[in-house]
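Chemist: Input file: run32.cif. Contents: mmCIF, C-alpha atoms.
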data_entry
loop_
_atom_site.label_atom_id
_atom_site.label_comp_id
_atom_site.auth_asym_id
_atom_site.auth_seq_id
_atom_site.Cartn_x
_atom_site.Cartn_y
_atom_site.Cartn_z
CA MET A 1 126.83 176.66 52.11
CA ARG A 2 125.25 176.23 55.46
CA ARG A 3 124.78 172.59 54.62
CA THR A 4 128.50 172.02 53.87
CA THR A 5 129.54 173.70 57.10
CA THR A 6 127.28 171.41 59.11
CA LEU A 7 128.68 168.44 57.27
CA TRP A 8 132.24 169.47 58.03
CA MET A 9 131.36 170.07 61.66
CA THR A 10 129.76 166.66 61.95
CA ALA A 11 132.77 165.03 60.36
CA GLY A 12 135.05 166.91 62.74
CA ALA A 13 133.01 165.91 65.77
CA LEU A 14 133.01 162.28 64.67
CA ALA A 15 136.74 162.35 64.11
CA LEU A 16 137.30 163.84 67.54
CA ALA A 17 135.02 161.30 69.15
CA SER A 18 136.78 158.32 67.58
CA GLY A 19 140.17 159.91 68.23
CA ALA A 20 141.59 157.87 65.39
CA ALA A 21 140.60 159.74 62.26
CA TRP A 22 143.74 161.85 62.20
CA ALA A 23 145.98 159.21 63.62
CA ASP A 24 148.90 158.75 61.35
CA ALA A 25 151.54 156.07 61.00
CA ALA A 26 154.41 158.45 60.21
CA ALA A 27 153.68 160.46 63.36
CA GLY A 28 153.44 157.17 65.25
CA ALA A 29 156.87 156.10 64.01
CA LYS A 30 158.28 159.36 65.42
CA VAL A 31 156.60 158.84 68.80
CA PHE A 32 157.97 155.29 68.83
CA GLN A 33 161.50 156.71 68.50
CA ALA A 34 161.04 159.67 70.81
CA LYS A 35 159.60 157.54 73.64
CA LYS A 36 162.52 155.12 73.26
CA CYS A 37 160.23 152.18 72.47
CA THR A 38 163.12 151.24 70.15
CA ASP A 39 165.26 150.42 73.23
CA CYS A 40 163.29 147.22 73.68
CA HIS A 41 161.40 146.55 70.43
CA TYR A 42 162.40 146.33 66.78
CA THR A 43 159.86 146.98 64.06
CA ASP A 44 161.63 145.94 60.84
CA GLY A 45 161.59 142.34 59.68
CA PRO A 46 162.80 139.76 59.10
CA ALA A 47 163.54 138.28 62.53
CA ARG A 48 167.04 139.01 63.81
CA GLU A 49 167.52 136.35 66.48
CA LYS A 50 169.93 133.58 65.52
CA SER A 51 170.95 132.06 68.86
CA LEU A 52 169.66 131.55 72.40
CA ALA A 53 171.92 134.45 73.42
CA ASP A 54 170.23 136.73 70.85
CA GLN A 55 166.79 135.91 72.22
CA LEU A 56 167.90 136.26 75.84
CA ALA A 57 169.43 139.67 75.10
CA LYS A 58 166.07 141.07 73.95
CA LYS A 59 164.31 143.39 76.40
CA GLY A 60 160.89 143.05 74.81
CA PRO A 61 159.05 141.13 72.10
CA GLU A 62 159.70 141.90 68.42
CA LEU A 63 157.02 144.04 66.79
CA TRP A 64 157.89 143.75 63.08
CA TYR A 65 154.66 141.86 62.34
CA ALA A 66 152.52 143.61 64.99
CA GLY A 67 149.92 144.64 62.39
CA SER A 68 149.34 140.99 61.48
CA LYS A 69 149.45 139.73 65.06
CA PHE A 70 147.23 142.05 67.06
CA GLN A 71 143.67 143.27 66.88
CA LYS A 72 143.72 147.01 66.33
CA ASP A 73 141.13 147.79 69.05
CA TRP A 74 143.10 145.82 71.59
CA LEU A 75 146.39 147.48 70.64
CA GLY A 76 144.97 151.01 70.89
CA LYS A 77 143.64 150.33 74.39
CA TRP A 78 146.64 148.36 75.64
CA LEU A 79 149.12 151.11 74.74
CA GLN A 80 147.17 153.43 77.05
CA ASP A 81 146.70 150.85 79.79
CA PRO A 82 149.40 148.20 79.39
CA ASN A 83 148.51 145.47 81.89
CA PRO A 84 150.72 142.33 82.01
CA ILE A 85 150.35 139.77 79.21
CA ARG A 86 153.10 137.36 80.23
CA PRO A 87 152.71 136.14 83.82
CA LEU A 88 156.52 136.07 84.23
CA LYS A 89 158.96 138.88 83.55
CA TYR A 90 160.21 138.79 79.94
CA ASN A 91 163.01 136.22 79.55
CA SER A 92 162.89 135.23 83.23
CA LEU A 93 161.81 131.97 84.88
CA THR A 94 162.09 133.25 88.41
CA GLU A 95 160.58 136.75 88.53
CA LYS A 96 156.91 137.68 88.18
CA ASN A 97 155.81 140.30 85.65
CA THR A 98 154.92 143.19 87.91
CA GLY A 99 153.76 145.45 85.05
CA GLY A 100 155.01 149.00 84.65
CA HIS A 101 155.26 148.96 80.83
CA PRO A 102 155.57 152.54 79.42
CA LYS A 103 152.16 154.13 78.79
CA LEU A 104 151.01 156.41 75.99
CA ALA A 105 148.32 159.09 76.15
CA GLY A 106 145.32 158.97 73.77
CA ALA A 107 146.56 160.81 70.65
CA GLU A 108 150.04 159.29 70.79
CA ALA A 109 148.59 155.85 71.36
CA ALA A 110 146.41 156.29 68.27
CA ASP A 111 149.40 157.30 66.12
CA VAL A 112 151.58 154.47 67.42
CA THR A 113 148.69 152.04 66.81
CA GLU A 114 148.58 153.16 63.16
CA PHE A 115 152.34 152.77 62.90
CA LEU A 116 152.40 149.29 64.47
CA MET A 117 149.40 148.14 62.42
CA SER A 118 151.44 149.03 59.32
CA ARG A 119 154.05 146.43 60.28
CA THR A 120 152.63 143.30 58.64
CA SER A 121 153.76 139.91 57.36
CA PRO A 122 152.65 138.50 54.00
CA LEU A 123 152.45 135.05 55.64
CA VAL A 124 149.28 136.09 57.45
CA LYS A 125 146.24 135.75 55.20
CA GLY A 126 143.10 137.71 56.00
CA GLY A 127 139.80 136.12 56.99
CA GLU A 128 140.86 132.47 56.85
CA ILE A 129 140.33 131.68 60.54
CA LYS A 130 137.16 132.61 62.42
CA PRO A 131 136.72 132.17 66.18
CA LYS A 132 134.87 128.91 66.70
CA THR A 133 134.40 126.61 69.67
CA ASN A 134 135.08 123.23 68.14
CA PRO A 135 135.74 119.82 69.75
CA LYS A 136 138.86 119.11 67.69
CA GLY A 137 140.51 122.38 68.66
CA ARG A 138 139.63 121.87 72.30
CA LEU A 139 141.02 118.34 72.24
CA VAL A 140 144.31 119.52 70.73
CA PHE A 141 144.66 122.40 73.20
CA THR A 142 143.63 120.72 76.43
CA LYS A 143 144.45 117.03 75.92
CA ASN A 144 146.60 115.96 72.98
CA MET A 145 149.18 118.74 73.04
CA PRO A 146 150.97 120.54 75.90
CA CYS A 147 149.64 124.05 75.03
CA SER A 148 148.07 124.50 78.46
CA GLY A 149 151.34 123.52 80.14
CA CYS A 150 152.74 126.97 79.34
CA HIS A 151 149.77 129.21 78.42
CA GLN A 152 146.99 130.42 80.70
CA PHE A 153 143.54 129.79 79.23
CA PRO A 154 139.92 129.97 80.45
CA GLY A 155 139.90 126.45 81.97
CA GLN A 156 137.64 124.92 84.61
CA LYS A 157 140.05 124.04 87.39
CA PHE A 158 143.47 124.02 85.77
CA THR A 159 143.98 127.37 84.02
CA GLY A 160 147.40 126.80 82.46
CA GLY A 161 151.12 127.24 83.13
CA MET A 162 152.99 130.50 83.53
CA ASN A 163 155.90 130.72 81.12
CA GLY A 164 154.14 131.52 77.86
CA PRO A 165 152.16 134.67 77.07
CA SER A 166 148.69 134.32 78.61
CA LEU A 167 146.05 133.25 76.10
CA ALA A 168 143.21 133.85 78.57
CA LYS A 169 142.04 136.80 76.46
CA ALA A 170 143.56 135.77 73.14
CA GLY A 171 140.20 136.36 71.43
CA GLU A 172 140.51 140.07 72.15
CA ARG A 173 144.23 140.41 71.60
CA LEU A 174 145.28 138.21 68.70
CA ASN A 175 144.34 138.13 65.04
CA PRO A 176 142.94 134.58 64.53
CA ASP A 177 144.75 134.33 61.18
CA TRP A 178 148.04 135.09 62.90
CA ILE A 179 147.54 132.23 65.39
CA PHE A 180 147.30 129.79 62.49
CA ALA A 181 150.17 131.40 60.55
CA TYR A 182 152.38 131.28 63.65
CA LEU A 183 151.69 127.58 64.22
CA LYS A 184 152.42 126.86 60.57
CA ASP A 185 155.53 129.02 60.24
CA THR A 186 156.75 129.31 63.81
CA LYS A 187 160.43 129.80 62.97
CA THR A 188 159.84 132.68 60.56
CA PHE A 189 158.14 134.73 63.26
CA LYS A 190 160.28 133.54 66.17
CA PRO A 191 163.43 131.66 65.12
CA VAL A 192 164.39 131.17 68.78
CA ARG A 193 161.65 130.62 71.34
CA GLN A 194 160.75 128.37 74.26
CA MET A 195 157.74 127.00 72.44
CA PRO A 196 158.17 123.83 70.38
CA VAL A 197 157.50 123.78 66.64
CA PHE A 198 154.19 121.96 66.05
CA ALA A 199 154.23 122.00 62.24
CA GLY A 200 154.83 118.38 61.29
CA VAL A 201 153.43 117.23 64.64
CA LEU A 202 149.97 118.66 63.92
CA ASN A 203 148.55 118.71 60.41
CA GLU A 204 147.04 121.85 58.89
CA GLN A 205 143.48 120.89 59.80
CA ASP A 206 144.47 120.49 63.46
CA MET A 207 146.34 123.79 63.43
CA LYS A 208 143.32 125.55 61.97
CA ALA A 209 141.00 123.94 64.52
CA VAL A 210 143.15 124.93 67.47
CA ALA A 211 143.58 128.48 66.11
CA GLU A 212 139.77 128.78 65.84
CA TYR A 213 139.43 127.50 69.39
CA VAL A 214 142.07 129.81 70.91
CA ALA A 215 140.44 132.76 69.10
CA THR A 216 137.30 132.21 71.22
CA PHE A 217 139.13 132.83 74.54
CA LYS A 218 137.72 135.88 76.29
CA MET B 1 203.39 136.00 50.46
CA ARG B 2 203.99 136.77 54.08
CA THR B 3 200.81 138.81 54.21
CA LEU B 4 198.91 135.93 52.74
CA PHE B 5 200.33 133.63 55.38
CA HIS B 6 199.35 136.04 58.12
CA ALA B 7 195.88 136.36 56.72
CA ALA B 8 195.50 132.59 56.69
CA ALA B 9 196.77 132.31 60.28
CA LEU B 10 194.37 134.97 61.42
CA PHE B 11 191.55 133.25 59.64
CA LEU B 12 192.39 129.94 61.32
CA ALA B 13 192.69 131.53 64.74
CA ALA B 14 189.33 133.24 64.33
CA GLY B 15 187.76 129.97 63.26
CA LEU B 16 189.13 128.18 66.29
CA ALA B 17 188.02 130.88 68.67
CA VAL B 18 184.49 130.82 67.29
CA ALA B 19 184.00 127.07 67.06
CA PRO B 20 183.05 126.35 70.71
CA ALA B 21 180.20 128.87 70.54
CA PHE B 22 178.52 126.65 67.95
CA ALA B 23 178.83 123.42 69.92
CA ALA B 24 175.52 122.62 71.59
CA ASP B 25 175.69 123.53 75.28
CA GLY B 26 173.46 121.10 77.19
CA GLU B 27 173.08 123.24 80.27
CA GLN B 28 172.15 126.37 78.31
CA LEU B 29 169.67 124.41 76.19
CA TYR B 30 168.17 122.83 79.28
CA LYS B 31 167.65 126.20 80.98
CA PHE B 32 166.00 127.65 77.90
CA TYR B 33 163.71 124.81 76.81
CA CYS B 34 163.20 122.44 79.75
CA ALA B 35 163.58 124.36 83.02
CA GLN B 36 160.20 126.06 82.50
CA CYS B 37 158.63 122.73 83.56
CA HIS B 38 161.44 120.59 84.99
CA GLY B 39 162.95 123.40 87.09
CA LEU B 40 166.37 125.09 86.88
CA GLN B 41 167.85 122.43 89.18
CA GLY B 42 165.90 119.64 87.49
CA LYS B 43 163.65 118.91 90.44
CA GLY B 44 160.43 118.97 88.41
CA ASP B 45 159.38 122.30 89.90
CA GLY B 46 159.57 124.85 87.07
CA PRO B 47 157.31 127.93 87.05
CA ASN B 48 154.76 126.23 84.78
CA VAL B 49 154.01 123.69 87.47
CA VAL B 50 151.22 125.58 89.19
CA LYS B 51 148.63 124.14 91.57
CA ASP B 52 146.37 121.75 89.59
CA PHE B 53 149.08 121.08 86.97
CA PRO B 54 147.82 117.69 85.74
CA VAL B 55 151.04 115.66 86.02
CA ASP B 56 154.40 116.13 87.75
CA PRO B 57 157.26 116.70 85.31
CA ARG B 58 160.02 114.16 85.87
CA ASN B 59 162.40 115.05 88.69
CA PHE B 60 165.79 114.60 87.02
CA THR B 61 167.70 114.51 90.30
CA ARG B 62 166.12 111.16 91.24
CA ALA B 63 168.80 108.70 90.15
CA ASP B 64 166.57 105.71 90.99
CA GLU B 65 163.91 106.89 88.52
CA MET B 66 166.32 108.13 85.87
CA ASN B 67 168.27 104.87 85.99
CA LYS B 68 165.20 103.09 84.64
CA LEU B 69 165.61 105.02 81.38
CA SER B 70 168.28 104.33 78.78
CA ASP B 71 169.81 107.20 76.81
CA ALA B 72 167.74 106.02 73.84
CA ASP B 73 164.53 106.18 75.95
CA ILE B 74 165.35 109.75 76.91
CA ARG B 75 166.20 110.70 73.34
CA ASN B 76 162.91 109.27 72.06
CA VAL B 77 160.77 111.05 74.62
CA ILE B 78 162.53 114.35 73.89
CA LEU B 79 161.98 113.93 70.13
CA ASP B 80 158.38 112.67 70.16
CA GLY B 81 156.97 113.79 73.51
CA GLY B 82 155.38 111.93 76.43
CA PRO B 83 152.93 109.75 74.48
CA VAL B 84 155.73 107.81 72.74
CA ALA B 85 156.59 106.36 76.18
CA ASN B 86 152.97 106.09 77.33
CA LYS B 87 153.47 109.28 79.32
CA SER B 88 151.49 112.49 79.42
CA PRO B 89 151.36 114.81 76.36
CA MET B 90 152.27 117.59 78.81
CA MET B 91 155.82 116.49 77.93
CA PRO B 92 156.14 118.23 74.53
CA PRO B 93 157.68 116.79 71.35
CA TRP B 94 160.90 118.64 70.47
CA GLY B 95 161.84 116.75 67.31
CA LYS B 96 160.87 119.60 64.97
CA THR B 97 162.54 122.19 67.19
CA LEU B 98 165.95 120.86 68.22
CA ALA B 99 168.84 119.65 66.07
CA LYS B 100 170.32 116.20 66.64
CA ASP B 101 173.43 117.51 68.42
CA GLU B 102 171.22 119.60 70.68
CA VAL B 103 169.19 116.56 71.70
CA ASP B 104 172.42 114.64 72.37
CA ALA B 105 173.69 117.50 74.54
CA LEU B 106 170.40 117.48 76.49
CA VAL B 107 170.60 113.74 77.13
CA LYS B 108 174.13 114.25 78.48
CA HIS B 109 172.97 117.12 80.66
CA LEU B 110 170.15 115.04 82.20
CA ARG B 111 172.80 112.46 83.13
CA VAL B 112 174.71 115.24 84.88
CA LEU B 113 171.58 116.23 86.79
CA CYS B 114 170.78 112.67 87.90
CA LYS B 115 174.43 111.76 88.47
CA CYS B 116 173.52 108.44 86.93
CA LYS B 117 174.34 106.41 83.83
CA GLY B 118 170.96 104.85 83.13
CA LYS B 119 169.90 101.47 81.83
CA SER B 120 172.08 100.34 78.92
#
For this file, produce the structure as structure tokens.
Modeler:
Amino acid sequence: MRRTTTLWMTAGALALASGAAWADAAAGAKVFQAKKCTDCHYTDGPAREKSLADQLAKKGPELWYAGSKFQKDWLGKWLQDPNPIRPLKYNSLTEKNTGGHPKLAGAEAADVTEFLMSRTSPLVKGGEIKPKTNPKGRLVFTKNMPCSGCHQFPGQKFTGGMNGPSLAKAGERLNPDWIFAYLKDTKTFKPVRQMPVFAGVLNEQDMKAVAEYVATFK
Amino acid sequence: MRTLFHAAALFLAAGLAVAPAFAADGEQLYKFYCAQCHGLQGKGDGPNVVKDFPVDPRNFTRADEMNKLSDADIRNVILDGGPVANKSPMMPPWGKTLAKDEVDALVKHLRVLCKCKGKS
């Protein structure tokens, strides 16, 4: 008896310490509504944008495949301390992103993380792409293709353009498998976007190599 | 019968009203896809062009430069990117992204920006 109590207490303490053990997707879905996250984000696929006007009308990025796109640890922390990802304001070429994204406190952030991690896409396979510094990926990213023209990255002197989401910490933020899936199936995730489609320009080996390379950015 | 006729007329009117929205709008396409590097006015000064950006995007308002390119040259570089014209790969390939009528509309819009006709 005494033994079981201790066990339960240990489990409880562990759960409290991690803060995530009781986190629950259904509760997260409710927080997502109550905090009006739905004003700017949709969480049910497939993609809804059909025209430039549809994309330009969006107030924030789509989150219907968030569970395939993000690393859970990153998401849990970012929701509590949402520092800018895109150097420019969403859908603007002239204004800087000055931050100020709505914040969530610990328990709510944990629930919303569970909820968003439940939004996945079958196109993203698990464990196919591992972070790896490789010469082919670097060549594609920095020389042969215009990736760095729009995305910040950990470069020597030139650290990338401003209009795309920063990839400077992509290795902490993005699921490496999603990077590859997105390059391969760009239009399924984002039918209308300012980034060119590279499928058919790059072959699958090149796309894998560059995904592995981007996944090392920290 | 009359109802049918009315329905058909309505249908036609709706079709006509909607049609222009589907025609590729060169200026709108330019602002969305190209201005990030070439600038909203076409001066080659979009927000991506930070200090240390390796190569200046073409300034489309320079008629002298733009006159050296034919419409076909412009179309090819849009479709396949800089390297097809021995230019920098910082100019992306848009062939897998844009439809043919969208590329045509962009070529026309660049001619508006340069106020020039180009080499024939």
Chemist: On this structure, the PyMOL selection byres ((chain A) within 8 of (chain B)) would catch which residues? List them as an mmCIF file with C-alpha atoms, in the frame of the given file, sorted by chain and number.
Modeler:
data_model
loop_
_atom_site.group_PDB
_atom_site.id
_atom_site.type_symbol
_atom_site.label_atom_id
_atom_site.label_comp_id
_atom_site.auth_asym_id
_atom_site.auth_seq_id
_atom_site.Cartn_x
_atom_site.Cartn_y
_atom_site.Cartn_z
ATOM 1 C CA LEU A 52 169.660 131.550 72.400
ATOM 2 C CA LEU A 93 161.810 131.970 84.880
ATOM 3 C CA THR A 94 162.090 133.250 88.410
ATOM 4 C CA LYS A 143 144.450 117.030 75.920
ATOM 5 C CA ASN A 144 146.600 115.960 72.980
ATOM 6 C CA MET A 145 149.180 118.740 73.040
ATOM 7 C CA PRO A 146 150.970 120.540 75.900
ATOM 8 C CA CYS A 147 149.640 124.050 75.030
ATOM 9 C CA GLY A 149 151.340 123.520 80.140
ATOM 10 C CA CYS A 150 152.740 126.970 79.340
ATOM 11 C CA LYS A 157 140.050 124.040 87.390
ATOM 12 C CA PHE A 158 143.470 124.020 85.770
ATOM 13 C CA GLY A 160 147.400 126.800 82.460
ATOM 14 C CA GLY A 161 151.120 127.240 83.130
ATOM 15 C CA MET A 162 152.990 130.500 83.530
ATOM 16 C CA ASN A 163 155.900 130.720 81.120
ATOM 17 C CA GLN A 194 160.750 128.370 74.260
ATOM 18 C CA MET A 195 157.740 127.000 72.440
ATOM 19 C CA PRO A 196 158.170 123.830 70.380
ATOM 20 C CA VAL A 197 157.500 123.780 66.640
ATOM 21 C CA PHE A 198 154.190 121.960 66.050
ATOM 22 C CA ALA A 199 154.230 122.000 62.240
ATOM 23 C CA GLY A 200 154.830 118.380 61.290
ATOM 24 C CA VAL A 201 153.430 117.230 64.640
#
Chemist: Between B:Lys43, B:Lys115, B:Arg58, B:Lys108, which one has atoms that come closest to Asp71 of chain B, using all atoms listed in the file?
Modeler: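 Closest to Asp71 of chain B, using all atoms listed in the file: B:Lys108.
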Chemist: Would you kindly translate the PyMOL selection byres ((chain B and resi 102) around 8) into the concrete residues it picks from this file, as JSON, numbers by chain?
Modeler: {"B": [24, 25, 26, 29, 98, 99, 100, 101, 103, 104, 105, 106]}
Chemist: Contacts of segment 22-34 of chain A at 9 Å or less, counting only C-alpha atoms, minus same-chain residues fewer than 6 places along, as a PDB file with C-alpha atoms, keeping the file's coordinate frame?
Modeler:
ATOM      1  CA  ALA A  15     136.740 162.350  64.110  1.00  0.00           C
ATOM      2  CA  LEU A  16     137.300 163.840  67.540  1.00  0.00           C
ATOM      3  CA  ALA A 107     146.560 160.810  70.650  1.00  0.00           C
ATOM      4  CA  GLU A 108     150.040 159.290  70.790  1.00  0.00           C
ATOM      5  CA  ALA A 109     148.590 155.850  71.360  1.00  0.00           C
ATOM      6  CA  ALA A 110     146.410 156.290  68.270  1.00  0.00           C
ATOM      7  CA  ASP A 111     149.400 157.300  66.120  1.00  0.00           C
ATOM      8  CA  VAL A 112     151.580 154.470  67.420  1.00  0.00           C
ATOM      9  CA  THR A 113     148.690 152.040  66.810  1.00  0.00           C
ATOM     10  CA  GLU A 114     148.580 153.160  63.160  1.00  0.00           C
ATOM     11  CA  PHE A 115     152.340 152.770  62.900  1.00  0.00           C
ATOM     12  CA  LEU A 116     152.400 149.290  64.470  1.00  0.00           C
ATOM     13  CA  MET A 117     149.400 148.140  62.420  1.00  0.00           C
ATOM     14  CA  SER A 118     151.440 149.030  59.320  1.00  0.00           C
TER      15      SER A 118
END
Chemist: Grab the atom CA of Ala53 of chain A to atom CA of Tyr30 of chain B distance for me, in Å with one decimal place.
Modeler: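 A separation of 13.5 Å between them.
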Chemist: What is the atom CA of Gly164 of chain A to atom CA of Asp73 of chain B distance in Å?
Modeler: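 Atom CA of Asp73 of chain B lies 27.5 Å from atom CA of Gly164 of chain A.
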Chemist: Any idea what the distance is between atom CA of Asp185 of chain A and atom CA of Pro84 of chain A?
Modeler: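 Distance reported for this atom pair: 26.0 Å.
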Chemist: Just need the box for segment 105-109 of chain B, edges along x, y and z, holding every atom the file lists for it with 6 Å tacked onto each side, so centre and edge lengths in Å to one decimal, as lines of an AutoDock Vina configuration file.
Modeler:
center_x = 172.3
center_y = 115.6
center_z = 77.6
size_x = 15.7
size_y = 15.8
size_z = 18.1
Chemist: Residues at most 9 Å from Ala170 of chain A, counting all atoms listed in the file, excluding those fewer than 5 positions away in the same chain, as a ChimeraX atom specification?
Modeler: /A:153,175-176,214-218
Chemist: Could you list, as a JSON list (two decimals) with C-alpha atoms, keeping the file's coordinate frame, every residue within 12 Å of His41 of chain A, counting only C-alpha atoms and ignoring same-chain residues fewer than 4 positions away?
Modeler:
[["chain", "number", "residue", "atom", "x", "y", "z"],
["A", 32, "PHE", "CA", 157.97, 155.29, 68.83],
["A", 33, "GLN", "CA", 161.50, 156.71, 68.50],
["A", 35, "LYS", "CA", 159.60, 157.54, 73.64],
["A", 36, "LYS", "CA", 162.52, 155.12, 73.26],
["A", 37, "CYS", "CA", 160.23, 152.18, 72.47],
["A", 45, "GLY", "CA", 161.59, 142.34, 59.68],
["A", 47, "ALA", "CA", 163.54, 138.28, 62.53],
["A", 48, "ARG", "CA", 167.04, 139.01, 63.81],
["A", 57, "ALA", "CA", 169.43, 139.67, 75.10],
["A", 58, "LYS", "CA", 166.07, 141.07, 73.95],
["A", 59, "LYS", "CA", 164.31, 143.39, 76.40],
["A", 60, "GLY", "CA", 160.89, 143.05, 74.81],
["A", 61, "PRO", "CA", 159.05, 141.13, 72.10],
["A", 62, "GLU", "CA", 159.70, 141.90, 68.42],
["A", 63, "LEU", "CA", 157.02, 144.04, 66.79],
["A", 64, "TRP", "CA", 157.89, 143.75, 63.08],
["A", 65, "TYR", "CA", 154.66, 141.86, 62.34],
["A", 66, "ALA", "CA", 152.52, 143.61, 64.99],
["A", 116, "LEU", "CA", 152.40, 149.29, 64.47]]
Chemist: Which of these, A:Lys103, A:Glu172, A:Ser166, A:Lys136, has the shortest distance to Trp74 of chain A once you count all atoms listed in the file?
Modeler: A:Glu172
Chemist: Counting only C-alpha atoms, what is within 8 Å of Lys208 of chain A, bar same-chain residues fewer than 5 positions away, as JSON, numbers by chain?
Modeler: {"A": [129, 137, 180]}
Chemist: When the PyMOL selection byres ((chain A and resi 80) around 8) is applied to the structure above, which residues does it catch, written out as a list in words?
Modeler: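 Output of the PyMOL selection byres ((chain A and resi 80) around 8): Gly76, Lys77, Trp78, Leu79, Asp81, Pro82, Lys103, Leu104, Ala105, Gly106 and Ala109 of chain A.
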Chemist: If you count only C-alpha atoms, which residues fall within 9 Å of Gly126 of chain A, apart from same-chain ones fewer than 6 positions away, as a list of chain:residue names?
Modeler: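 Once the nearby chain positions are removed, what remains is A:Ser68, A:Asp177, A:Trp178.
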Chemist: For a quick check of understanding, using all atoms listed in the file, which of A:Ile85, A:Pro135, A:Thr159, A:Thr120 has the smallest distance to Phe189 of chain A?
Modeler: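 The shortest atom-to-atom distance to Phe189 of chain A comes from A:Thr120.
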